[in-house]
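Novice: What follows is the file my_file11.cif, containing mmCIF, C-alpha atoms and all ligand atoms:
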```
data_start
loop_
_atom_site.label_atom_id
_atom_site.label_comp_id
_atom_site.auth_asym_id
_atom_site.auth_seq_id
_atom_site.Cartn_x
_atom_site.Cartn_y
_atom_site.Cartn_z
CA MET A 1 8.50 14.29 15.46
CA LYS A 2 8.78 12.04 12.43
CA THR A 3 5.55 10.47 11.15
CA ILE A 4 5.55 6.70 10.85
CA TYR A 5 2.81 5.87 8.40
CA PHE A 6 1.20 2.43 8.73
CA ASP A 7 -2.20 3.39 7.26
CA ASN A 8 -1.59 2.63 3.59
CA ASN A 9 -4.91 0.84 3.07
CA ALA A 10 -6.60 4.18 3.86
CA THR A 11 -4.42 6.10 1.43
CA THR A 12 -0.81 6.23 0.27
CA LYS A 13 1.89 8.81 -0.22
CA VAL A 14 2.08 10.05 -3.83
CA ALA A 15 5.37 8.79 -5.28
CA GLU A 16 7.80 11.60 -6.19
CA GLU A 17 8.02 10.24 -9.75
CA VAL A 18 4.23 10.46 -10.00
CA LEU A 19 4.18 14.06 -8.82
CA GLU A 20 6.90 15.01 -11.33
CA GLU A 21 4.89 13.49 -14.16
CA MET A 22 1.74 15.35 -13.06
CA ARG A 23 3.33 18.76 -12.49
CA PRO A 24 3.34 20.09 -16.12
CA LEU A 25 -0.35 19.22 -16.52
CA PHE A 26 -1.47 22.06 -14.22
CA CYS A 27 0.05 25.28 -15.61
CA GLU A 28 1.79 24.30 -18.86
CA LEU A 29 -0.18 21.49 -20.51
CA TYR A 30 -3.60 22.55 -19.25
CA GLY A 31 -5.62 22.21 -22.47
CA ASN A 32 -8.82 20.23 -22.79
CA PRO A 33 -8.12 16.87 -24.45
CA SER A 34 -11.42 17.17 -26.37
CA SER A 35 -10.35 20.45 -28.07
CA MET A 36 -9.53 20.45 -31.79
CA HIS A 37 -6.28 22.45 -31.48
CA THR A 38 -2.80 20.96 -31.33
CA PHE A 39 -2.46 22.01 -27.68
CA GLY A 40 -5.48 19.87 -26.74
CA GLY A 41 -4.11 17.03 -28.89
CA GLN A 42 -0.93 16.96 -26.80
CA ILE A 43 -3.03 16.31 -23.69
CA GLY A 44 -4.97 13.59 -25.49
CA ARG A 45 -1.66 11.82 -26.11
CA LYS A 46 -0.84 11.99 -22.38
CA ILE A 47 -4.16 10.30 -21.58
CA ARG A 48 -3.49 7.62 -24.19
CA GLN A 49 -0.11 6.91 -22.61
CA ALA A 50 -1.69 6.68 -19.14
CA ARG A 51 -4.34 4.28 -20.44
CA GLU A 52 -1.62 2.07 -21.91
CA ARG A 53 0.31 2.09 -18.62
CA VAL A 54 -2.76 1.07 -16.60
CA ALA A 55 -3.55 -1.65 -19.14
CA GLY A 56 0.08 -2.81 -18.88
CA LEU A 57 -0.24 -3.36 -15.14
CA LEU A 58 -3.59 -5.14 -15.45
CA GLY A 59 -2.66 -7.20 -18.51
CA CYS A 60 -5.62 -5.97 -20.55
CA GLU A 61 -6.34 -3.82 -23.64
CA PRO A 62 -6.18 -0.01 -23.25
CA SER A 63 -9.71 0.18 -24.71
CA GLU A 64 -10.97 -1.81 -21.71
CA ILE A 65 -9.98 0.99 -19.28
CA ILE A 66 -12.50 3.69 -18.25
CA PHE A 67 -11.12 6.49 -16.06
CA THR A 68 -13.41 7.49 -13.18
CA SER A 69 -13.10 9.81 -10.17
CA CYS A 70 -12.39 7.11 -7.52
CA GLY A 71 -12.86 3.51 -6.47
CA THR A 72 -16.32 4.34 -5.14
CA GLU A 73 -17.48 5.64 -8.53
CA SER A 74 -16.05 2.54 -10.24
CA ASP A 75 -17.95 0.24 -7.84
CA ASN A 76 -21.20 2.20 -8.19
CA THR A 77 -20.88 2.23 -11.99
CA ALA A 78 -20.15 -1.49 -12.17
CA ILE A 79 -23.24 -2.45 -10.17
CA LYS A 80 -25.77 0.13 -11.31
CA GLY A 81 -24.47 0.15 -14.90
CA THR A 82 -24.89 -3.62 -15.17
CA LEU A 83 -28.41 -3.54 -13.71
CA ALA A 84 -29.37 -0.80 -16.19
CA ALA A 85 -28.03 -2.91 -19.06
CA VAL A 86 -30.06 -6.00 -18.05
CA PRO A 87 -33.30 -4.48 -16.71
CA ASN A 88 -35.19 -7.79 -16.69
CA LYS A 89 -32.90 -9.23 -13.97
CA ARG A 90 -33.31 -8.15 -10.34
CA LYS A 91 -30.87 -10.13 -8.23
CA ILE A 92 -27.40 -9.13 -6.95
CA ILE A 93 -25.02 -11.41 -5.07
CA THR A 94 -22.32 -9.92 -2.86
CA THR A 95 -20.64 -10.55 0.51
CA ARG A 96 -21.13 -9.24 4.04
CA VAL A 97 -17.56 -7.94 4.19
CA GLU A 98 -17.52 -5.59 1.17
CA HIS A 99 -16.39 -1.99 1.44
CA PRO A 100 -19.34 0.43 1.85
CA ALA A 101 -18.72 1.53 -1.78
CA VAL A 102 -20.35 -1.80 -2.72
CA LEU A 103 -22.40 -2.71 0.35
CA ALA A 104 -24.25 0.62 0.62
CA VAL A 105 -25.16 0.46 -3.10
CA CYS A 106 -26.50 -3.09 -2.77
CA ARG A 107 -28.49 -2.23 0.37
CA GLU A 108 -30.00 0.84 -1.30
CA LEU A 109 -30.97 -1.33 -4.28
CA ALA A 110 -32.59 -3.81 -1.87
CA ASN A 111 -34.74 -0.91 -0.61
CA HIS A 112 -35.80 -0.39 -4.24
CA GLY A 113 -37.04 -3.94 -4.70
CA TYR A 114 -33.90 -5.77 -5.87
CA THR A 115 -33.06 -9.11 -4.28
CA VAL A 116 -29.66 -8.87 -2.60
CA VAL A 117 -27.84 -11.92 -1.27
CA GLU A 118 -24.90 -11.27 1.07
CA LEU A 119 -22.62 -14.30 1.37
CA GLY A 120 -21.00 -14.90 4.76
CA VAL A 121 -17.42 -15.61 5.82
CA ASP A 122 -15.91 -17.92 8.42
CA LYS A 123 -13.91 -17.01 11.54
CA GLN A 124 -10.81 -16.35 9.45
CA GLY A 125 -12.68 -14.15 7.00
CA ARG A 126 -12.69 -16.81 4.26
CA LEU A 127 -15.64 -16.68 1.90
CA ASP A 128 -17.98 -19.64 1.78
CA TRP A 129 -17.93 -19.52 -2.04
CA ARG A 130 -19.70 -22.88 -2.39
CA GLN A 131 -22.92 -21.07 -1.37
CA LEU A 132 -22.54 -19.05 -4.54
CA GLU A 133 -23.37 -21.91 -6.90
CA GLU A 134 -26.74 -22.44 -5.18
CA GLN A 135 -27.56 -18.74 -5.14
CA ILE A 136 -27.03 -17.93 -8.84
CA ASP A 137 -30.30 -18.24 -10.74
CA ASP A 138 -31.94 -16.88 -13.92
CA ASP A 139 -32.80 -13.62 -12.14
CA THR A 140 -29.14 -12.87 -11.19
CA ALA A 141 -27.78 -9.79 -12.96
CA VAL A 142 -24.42 -9.36 -11.26
CA VAL A 143 -22.14 -10.96 -8.71
CA THR A 144 -19.87 -8.45 -6.95
CA ILE A 145 -17.17 -9.85 -4.66
CA MET A 146 -14.07 -7.99 -3.47
CA TYR A 147 -10.63 -9.33 -4.39
CA ALA A 148 -9.10 -8.55 -0.99
CA ASN A 149 -10.51 -7.09 2.16
CA ASN A 150 -9.39 -3.61 3.16
CA GLU A 151 -9.57 -4.30 6.92
CA THR A 152 -8.02 -7.76 7.26
CA GLY A 153 -6.20 -8.07 3.93
CA VAL A 154 -7.83 -11.49 3.36
CA VAL A 155 -7.67 -12.40 -0.34
CA PHE A 156 -10.63 -14.28 -1.83
CA PRO A 157 -10.10 -17.05 -4.44
CA ILE A 158 -11.40 -14.80 -7.20
CA GLU A 159 -10.32 -16.94 -10.15
CA ARG A 160 -12.17 -19.96 -8.72
CA ILE A 161 -15.23 -17.78 -8.04
CA VAL A 162 -15.24 -16.23 -11.51
CA GLU A 163 -15.22 -19.71 -13.08
CA ILE A 164 -18.49 -20.49 -11.28
CA VAL A 165 -20.09 -17.15 -12.18
CA SER A 166 -19.03 -17.06 -15.82
CA GLY A 167 -20.13 -20.67 -16.23
CA LYS A 168 -23.67 -19.44 -15.43
CA GLY A 169 -23.45 -16.53 -17.88
CA VAL A 170 -23.68 -13.87 -15.14
CA VAL A 171 -21.62 -10.64 -15.05
CA PHE A 172 -18.82 -10.70 -12.46
CA HIS A 173 -17.43 -7.55 -10.81
CA THR A 174 -14.59 -7.41 -8.33
CA ASP A 175 -13.51 -4.50 -6.14
CA ALA A 176 -9.73 -4.80 -6.48
CA VAL A 177 -9.00 -1.40 -4.90
CA GLN A 178 -6.69 -2.98 -2.29
CA VAL A 179 -5.07 -5.44 -4.69
CA VAL A 180 -3.84 -3.43 -7.67
CA GLY A 181 -0.17 -2.65 -7.14
CA LYS A 182 0.16 -5.20 -4.32
CA MET A 183 -0.47 -8.44 -6.22
CA PRO A 184 0.20 -9.24 -9.88
CA LEU A 185 -2.91 -9.47 -12.08
CA ASN A 186 -3.32 -10.65 -15.66
CA LEU A 187 -6.83 -9.89 -16.85
CA SER A 188 -6.16 -11.25 -20.36
CA LYS A 189 -6.12 -14.71 -18.75
CA SER A 190 -9.15 -14.08 -16.52
CA LYS A 191 -12.91 -14.12 -17.04
CA ILE A 192 -13.45 -11.14 -14.69
CA ASP A 193 -15.89 -8.79 -16.50
CA LEU A 194 -15.54 -5.66 -14.36
CA LEU A 195 -12.82 -4.58 -11.94
CA SER A 196 -12.44 -1.41 -9.83
CA LEU A 197 -9.24 0.29 -8.73
CA SER A 198 -8.34 3.59 -7.12
CA GLY A 199 -5.30 5.84 -7.74
CA HIS A 200 -4.64 6.87 -4.15
CA LYS A 201 -4.17 3.30 -2.92
CA LEU A 202 -1.09 2.68 -5.07
CA HIS A 203 0.97 5.85 -4.60
CA GLY A 204 -1.03 7.74 -7.21
CA PRO A 205 -3.17 10.83 -6.58
CA LYS A 206 -6.61 11.04 -4.99
CA GLY A 207 -9.64 11.76 -7.20
CA VAL A 208 -8.94 9.24 -9.94
CA GLY A 209 -9.94 5.62 -10.40
CA VAL A 210 -10.51 3.04 -13.10
CA LEU A 211 -13.27 0.69 -14.06
CA TYR A 212 -11.95 -2.15 -16.22
CA VAL A 213 -14.69 -3.38 -18.56
CA ARG A 214 -13.89 -6.57 -20.42
CA LYS A 215 -14.54 -6.28 -24.15
CA GLY A 216 -18.14 -7.28 -24.90
CA THR A 217 -19.47 -6.70 -21.35
CA ARG A 218 -22.76 -4.79 -21.43
CA ILE A 219 -22.81 -1.81 -19.10
CA SER A 220 -24.75 1.47 -19.20
CA PRO A 221 -22.90 4.71 -18.39
CA PHE A 222 -23.41 6.12 -14.92
CA MET A 223 -22.40 9.70 -15.78
CA LEU A 224 -24.15 11.22 -18.80
CA GLY A 225 -23.02 14.31 -20.71
CA GLY A 226 -20.12 14.70 -23.14
CA HIS A 227 -18.42 12.04 -25.25
CA GLN A 228 -15.38 11.50 -23.03
CA GLU A 229 -14.13 7.93 -22.51
CA GLU A 230 -15.92 6.93 -25.77
CA GLY A 231 -19.28 7.90 -24.27
CA ARG A 232 -18.81 5.51 -21.34
CA ARG A 233 -18.09 8.16 -18.66
CA ALA A 234 -18.94 11.79 -19.32
CA GLY A 235 -17.11 14.73 -17.77
CA THR A 236 -13.89 16.58 -18.62
CA GLU A 237 -11.03 14.30 -17.72
CA ASN A 238 -8.97 14.84 -14.54
CA VAL A 239 -5.86 14.97 -16.70
CA PRO A 240 -3.20 15.38 -13.97
CA GLY A 241 -4.88 12.61 -11.98
CA ILE A 242 -5.07 10.25 -14.96
CA VAL A 243 -1.44 10.92 -15.90
CA GLY A 244 -0.39 10.40 -12.25
CA LEU A 245 -2.31 7.13 -12.06
CA GLY A 246 -0.65 5.96 -15.27
CA LYS A 247 2.79 6.64 -13.80
CA ALA A 248 1.80 4.98 -10.49
CA CYS A 249 0.79 1.85 -12.43
CA GLU A 250 4.08 1.83 -14.33
CA LEU A 251 5.99 2.09 -11.01
CA ALA A 252 3.80 -0.57 -9.40
CA ALA A 253 4.62 -3.00 -12.20
CA GLU A 254 8.29 -2.48 -11.34
CA THR A 255 7.89 -2.72 -7.53
CA ILE A 256 5.39 -5.55 -7.07
CA GLU A 257 8.24 -7.96 -6.28
CA GLU A 258 9.47 -5.53 -3.63
CA GLU A 259 5.94 -5.35 -2.14
CA ASN A 260 5.86 -9.10 -1.90
CA SER A 261 9.26 -9.50 -0.28
CA LYS A 262 10.34 -6.37 1.64
CA VAL A 263 6.86 -5.24 2.70
CA LYS A 264 5.81 -8.75 3.67
CA TYR A 265 9.01 -9.18 5.70
CA LEU A 266 8.33 -5.93 7.60
CA ARG A 267 4.64 -6.78 8.13
CA ASP A 268 5.51 -10.24 9.45
CA LYS A 269 8.20 -8.86 11.76
CA LEU A 270 5.78 -6.32 13.22
CA GLU A 271 2.94 -8.84 13.56
CA ASP A 272 5.03 -11.64 15.09
CA ALA A 273 6.59 -9.32 17.66
CA ILE A 274 3.23 -7.82 18.72
CA LEU A 275 1.57 -11.24 19.03
CA GLU A 276 4.54 -12.52 21.04
CA ARG A 277 5.05 -9.54 23.34
CA CYS A 278 1.48 -8.41 24.04
CA PRO A 279 -0.67 -10.89 26.00
CA ASP A 280 -4.35 -11.49 25.10
CA CYS A 281 -4.19 -10.40 21.50
CA GLU A 282 -5.14 -12.28 18.38
CA LEU A 283 -4.66 -12.00 14.64
CA ASN A 284 -7.83 -11.37 12.61
CA GLY A 285 -7.97 -13.00 9.18
CA ASP A 286 -6.61 -15.92 7.21
CA LYS A 287 -2.82 -15.82 7.80
CA ASP A 288 -2.02 -17.73 4.62
CA ASN A 289 -4.15 -15.82 2.12
CA ARG A 290 -3.54 -12.17 2.81
CA LEU A 291 -2.24 -9.05 1.16
CA PRO A 292 1.49 -8.77 1.91
CA ASN A 293 1.14 -5.38 3.62
CA THR A 294 -1.80 -5.79 6.05
CA THR A 295 -2.18 -7.07 9.59
CA ASN A 296 -5.24 -6.72 11.81
CA ILE A 297 -4.87 -7.56 15.49
CA SER A 298 -7.44 -7.54 18.32
CA PHE A 299 -6.41 -6.56 21.84
CA GLU A 300 -8.75 -7.76 24.58
CA TYR A 301 -9.93 -5.39 27.35
CA ILE A 302 -8.95 -2.16 25.57
CA GLU A 303 -10.44 0.12 22.93
CA GLY A 304 -8.80 0.33 19.52
CA GLU A 305 -9.29 4.10 19.56
CA ALA A 306 -7.30 4.38 22.82
CA ILE A 307 -4.42 2.45 21.24
CA LEU A 308 -4.57 4.72 18.19
CA LEU A 309 -4.37 7.85 20.34
CA MET A 310 -1.34 6.52 22.21
CA LEU A 311 0.35 5.47 18.95
CA ASP A 312 -0.39 8.92 17.59
CA LYS A 313 1.54 10.47 20.48
CA TYR A 314 4.62 8.64 19.20
CA GLY A 315 3.92 9.76 15.62
CA ILE A 316 2.68 6.30 14.55
CA CYS A 317 -0.38 6.27 12.25
CA ALA A 318 -2.52 3.13 12.17
CA SER A 319 -6.26 2.52 11.96
CA SER A 320 -9.06 0.87 13.91
CA GLY A 321 -11.48 -0.73 11.47
CA SER A 322 -11.54 1.04 8.11
CA ALA A 323 -10.93 4.77 7.91
CA CYS A 324 -14.42 5.18 6.48
CA THR A 325 -16.11 3.63 9.52
CA SER A 326 -13.92 5.02 12.28
CA GLY A 327 -15.67 7.80 14.12
CA SER A 328 -18.64 5.51 14.61
CA LEU A 329 -19.10 3.50 17.81
CA GLU A 330 -20.17 0.42 15.89
CA PRO A 331 -17.40 -2.19 15.66
CA SER A 332 -16.26 -3.10 12.17
CA HIS A 333 -18.90 -4.93 10.08
CA VAL A 334 -16.09 -7.09 8.68
CA LEU A 335 -14.93 -8.36 12.09
CA ARG A 336 -18.54 -8.86 13.21
CA ALA A 337 -19.25 -10.92 10.05
CA MET A 338 -16.23 -13.08 11.01
CA GLY A 339 -17.76 -13.67 14.43
CA VAL A 340 -15.02 -11.80 16.29
CA PRO A 341 -16.46 -11.18 19.78
CA PHE A 342 -17.73 -7.65 20.40
CA THR A 343 -14.96 -6.76 22.90
CA ALA A 344 -12.17 -8.02 20.65
CA ALA A 345 -13.68 -6.28 17.60
CA HIS A 346 -13.70 -3.02 19.59
CA GLY A 347 -10.02 -3.48 20.41
CA SER A 348 -8.79 -4.08 16.85
CA ILE A 349 -5.99 -2.26 15.10
CA ARG A 350 -4.96 -2.42 11.45
CA PHE A 351 -1.39 -1.74 10.40
CA SER A 352 -1.00 -1.41 6.63
CA LEU A 353 2.50 -0.95 5.27
CA SER A 354 4.00 0.23 1.99
CA ARG A 355 7.30 0.09 0.18
CA TYR A 356 8.22 3.41 1.84
CA ASN A 357 8.30 1.91 5.36
CA THR A 358 11.63 1.02 6.94
CA GLU A 359 12.84 -1.62 9.39
CA GLU A 360 13.73 1.16 11.82
CA GLU A 361 10.07 2.27 11.87
CA VAL A 362 8.93 -1.29 12.51
CA ASP A 363 11.47 -1.74 15.34
CA TYR A 364 10.35 1.51 16.98
CA THR A 365 6.70 0.40 16.85
CA ILE A 366 7.58 -3.02 18.24
CA GLU A 367 9.25 -1.27 21.16
CA LYS A 368 6.25 1.00 21.84
CA MET A 369 3.33 -1.44 21.44
CA PRO A 370 3.76 -3.53 24.64
CA GLU A 371 4.24 -0.32 26.62
CA ILE A 372 0.99 1.13 25.19
CA VAL A 373 -1.02 -2.06 25.68
CA ASN A 374 0.21 -2.54 29.29
CA ARG A 375 -0.47 1.08 30.16
CA LEU A 376 -4.03 0.97 28.78
CA ARG A 377 -4.76 -2.33 30.53
CA GLU A 378 -3.67 -0.80 33.81
CA LEU A 379 -6.35 1.85 33.24
CA SER A 380 -8.98 -0.59 31.95
CA PRO A 381 -11.99 -1.31 34.22
CA PHE A 382 -12.29 -4.75 32.54
CA VAL A 383 -8.97 -6.13 33.76
CA ALA A 384 -8.88 -7.67 37.28
CA LYS A 385 -6.21 -5.96 39.34
N1 LIG B 401 -13.10 -0.39 -2.07
C1 LIG B 401 -12.18 -0.71 -1.14
C2 LIG B 401 -11.88 -2.15 -0.86
C3 LIG B 401 -11.52 0.30 -0.43
O1 LIG B 401 -10.61 -0.03 0.50
C4 LIG B 401 -11.84 1.65 -0.72
C5 LIG B 401 -11.22 2.74 0.05
O2 LIG B 401 -10.82 2.57 1.19
C6 LIG B 401 -12.78 1.91 -1.73
C7 LIG B 401 -13.39 0.87 -2.37
C8 LIG B 401 -13.15 3.32 -2.08
O3 LIG B 401 -12.14 3.90 -2.89
P1 LIG B 401 -12.07 5.49 -3.07
O4 LIG B 401 -11.55 6.04 -1.80
O5 LIG B 401 -11.13 5.70 -4.21
O6 LIG B 401 -13.44 5.95 -3.38
#
```
Could you render the structure from this file as structure tokens?
Specialist:
Amino acid sequence: MKTIYFDNNATTKVAEEVLEEMRPLFCELYGNPSSMHTFGGQIGRKIRQARERVAGLLGCEPSEIIFTSCGTESDNTAIKGTLAAVPNKRKIITTRVEHPAVLAVCRELANHGYTVVELGVDKQGRLDWRQLEEQIDDDTAVVTIMYANNETGVVFPIERIVEIVSGKGVVFHTDAVQVVGKMPLNLSKSKIDLLSLSGHKLHGPKGVGVLYVRKGTRISPFMLGGHQEEGRRAGTENVPGIVGLGKACELAAETIEEENSKVKYLRDKLEDAILERCPDCELNGDKDNRLPNTTNISFEYIEGEAILLMLDKYGICASSGSACTSGSLEPSHVLRAMGVPFTAAHGSIRFSLSRYNTEEEVDYTIEKMPEIVNRLRELSPFVAK
């Protein structure tokens, strides 16, 4: 059975071109870029090229790129590194709908005496960013607000938010893990200080990420040891990963238009058909301000996990809540923050597409979904029969 992969916000397929670029770095060009010999120097050049490619996609300087091991490390470094650089300030502002890579860090810091403010969202997952202005005070060290939500795809008005934060002289970090490669960014025209991304979300490899640090932003290193990354992140570089991420960024720069047209067309076709053909289901999230690849739909009276299992039987991969929280019985913290009723939050499914999906796959899923939903409702004790 062919796999139909609609779980691209969890992770993506590595592009063939990326794999080809990485291949020589394992058994041929395996030297340490910090070594003095010519062999090591060759690897150093590969890393320089990757840094330039990432900077090209983000519209920033190569020197503003720090390679890390993943999006989670980038988020942790941004928050803890900023707090370490401004030890006299003890307040962090974030949102209730962040990925755990941010939320868990903030909540742990709250246990250690920091003041943490979590801004709320409305029913459509839109941030009440006007609260922000009132919350920023002299004690605020960092504001960390995601660019787009991994579960609903809702995009926050980051440029408007960063104007408020930078106007108050506070460091601004954004988790853009779900945005890079899906939406164009130009950091040279932005006042964002810190931005996180992750290789495996944009058809690059797992185990590599980036923290963008705007020139002049004060941040203490999270990993101490050698002098790699100009002393900003110690540890021998994951050279194949970095090279793969560089290539993935180069490809993303070329395919962003495709993401916005083909992927959005497929997502909309899938979403419209499900909402039309399955009764008692509702879209979660702001329809007009969303990533082009994501849809999150709640089905009343049935469990999201049951839908996933039935989809799986047909070879269709989707997700209920985020991959990181599935396996727990708690409904998604994002949907709960939006005020989605408990039963609907339990019955939510996320489909996240990529440029590798086809119309045939979408049509097949459209055919199967009403069948699955009707079948599960027949079995549901909550539906009057
Ligand atoms: N931030 C967001 C918004 C994510 O969606 C994810 C992964 O799902 C992460 C951070 C963590 O990234 P990584 O898996 O590279 O640690």
Novice: Please check which protein, DNA or RNA residues sit within 10 Å of ligand LIG 401 (chain B), counting all atoms listed in the file, and write them as a PyMOL selection string.
Specialist: chain A and resi 8-11+68-76+97-103+146-151+153+174-179+196-201+205-210+322-325
Novice: Which residue is closest to Thr3 of chain A? Choose from A:Thr38, A:Ser348, A:Thr358, A:Asn284 and count all atoms listed in the file.
Specialist: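 Nearest to Thr3 of chain A: A:Thr358.
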Novice: Hey, can you check how far atom CA of Tyr301 of chain A sits from atom CA of Arg336 of chain A?
Specialist: 16.9 Å
Novice: Go through A:Arg90, A:Lys264, A:Arg51, A:Lys123 one by one, measure the shortest atom-to-atom distance of each to Leu245 of chain A using all atoms listed in the file, and give the residue with the smallest value.
Specialist: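 Ranking A:Arg90, A:Lys264, A:Arg51, A:Lys123 by distance to Leu245 of chain A, first place goes to A:Arg51.
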Novice: Using only C-alpha atoms, which residues sit within 7 Å of Phe222 of chain A once same-chain residues fewer than 3 positions away are excluded, as a short mmCIF file (atom, residue, chain, number, x, y, z; two decimals) with C-alpha atoms, keeping the file's coordinate frame?
Specialist:
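Final output, saved to selection_2.cif:
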```cif
data_model
loop_
_atom_site.label_atom_id
_atom_site.label_comp_id
_atom_site.auth_asym_id
_atom_site.auth_seq_id
_atom_site.Cartn_x
_atom_site.Cartn_y
_atom_site.Cartn_z
CA THR A 77 -20.88 2.23 -11.99
CA GLY A 81 -24.47 0.15 -14.90
CA ARG A 233 -18.09 8.16 -18.66
#
```
Novice: Hey, what's within 12 Å of Glu361 of chain A if we count all atoms listed in the file and toss same-chain stuff fewer than 4 positions away? As a list in words, please?
Specialist: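 Non-adjacent residues within range: Lys2, Thr3, Ile4, Tyr5, Phe6, Leu266, Arg267, Lys269, Leu270, Tyr314, Gly315, Ile316, Cys317, Leu353, Ser354, Tyr356, Asn357, Thr365, Ile366, Glu367 and Lys368 of chain A.
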Novice: How far is it from atom CA of Ile302 of chain A to atom CA of Gly120 of chain A, in Å with one decimal?
Specialist: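 It comes out at 27.2 Å.
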Novice: Please determine, counting only C-alpha atoms, which residue among A:Tyr114, A:Phe351, A:Tyr212, A:Phe67 has the shortest atom-to-atom distance to Asp7 of chain A.
Specialist: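 So, comparing all the options, the nearest one is A:Phe351.
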Novice: A:Arg126, A:Cys249, A:Val171, A:Ile66: which is nearest Gly339 of chain A, counting all atoms listed in the file?
Specialist: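 Closest candidate: A:Arg126.
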Novice: Just checking: using all atoms listed in the file, which residue out of A:Ser352, A:Thr95, A:Ser380, A:Ser332 ends up closest to Pro292 of chain A?
Specialist: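 Under the stated criterion, the closest residue is A:Ser352.
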Novice: Please compute the atom CA of Pro370 of chain A-atom CA of Arg277 of chain A distance, one decimal, in Å.
Specialist: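 A separation of 6.3 Å between them.
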Novice: Taking all atoms listed in the file into account, name the residue in A:Thr152, A:Ser188, A:Asn293, A:Asn374 that is nearest to Asn260 of chain A.
Specialist: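 Closest residue, counting all atoms listed in the file: A:Asn293.
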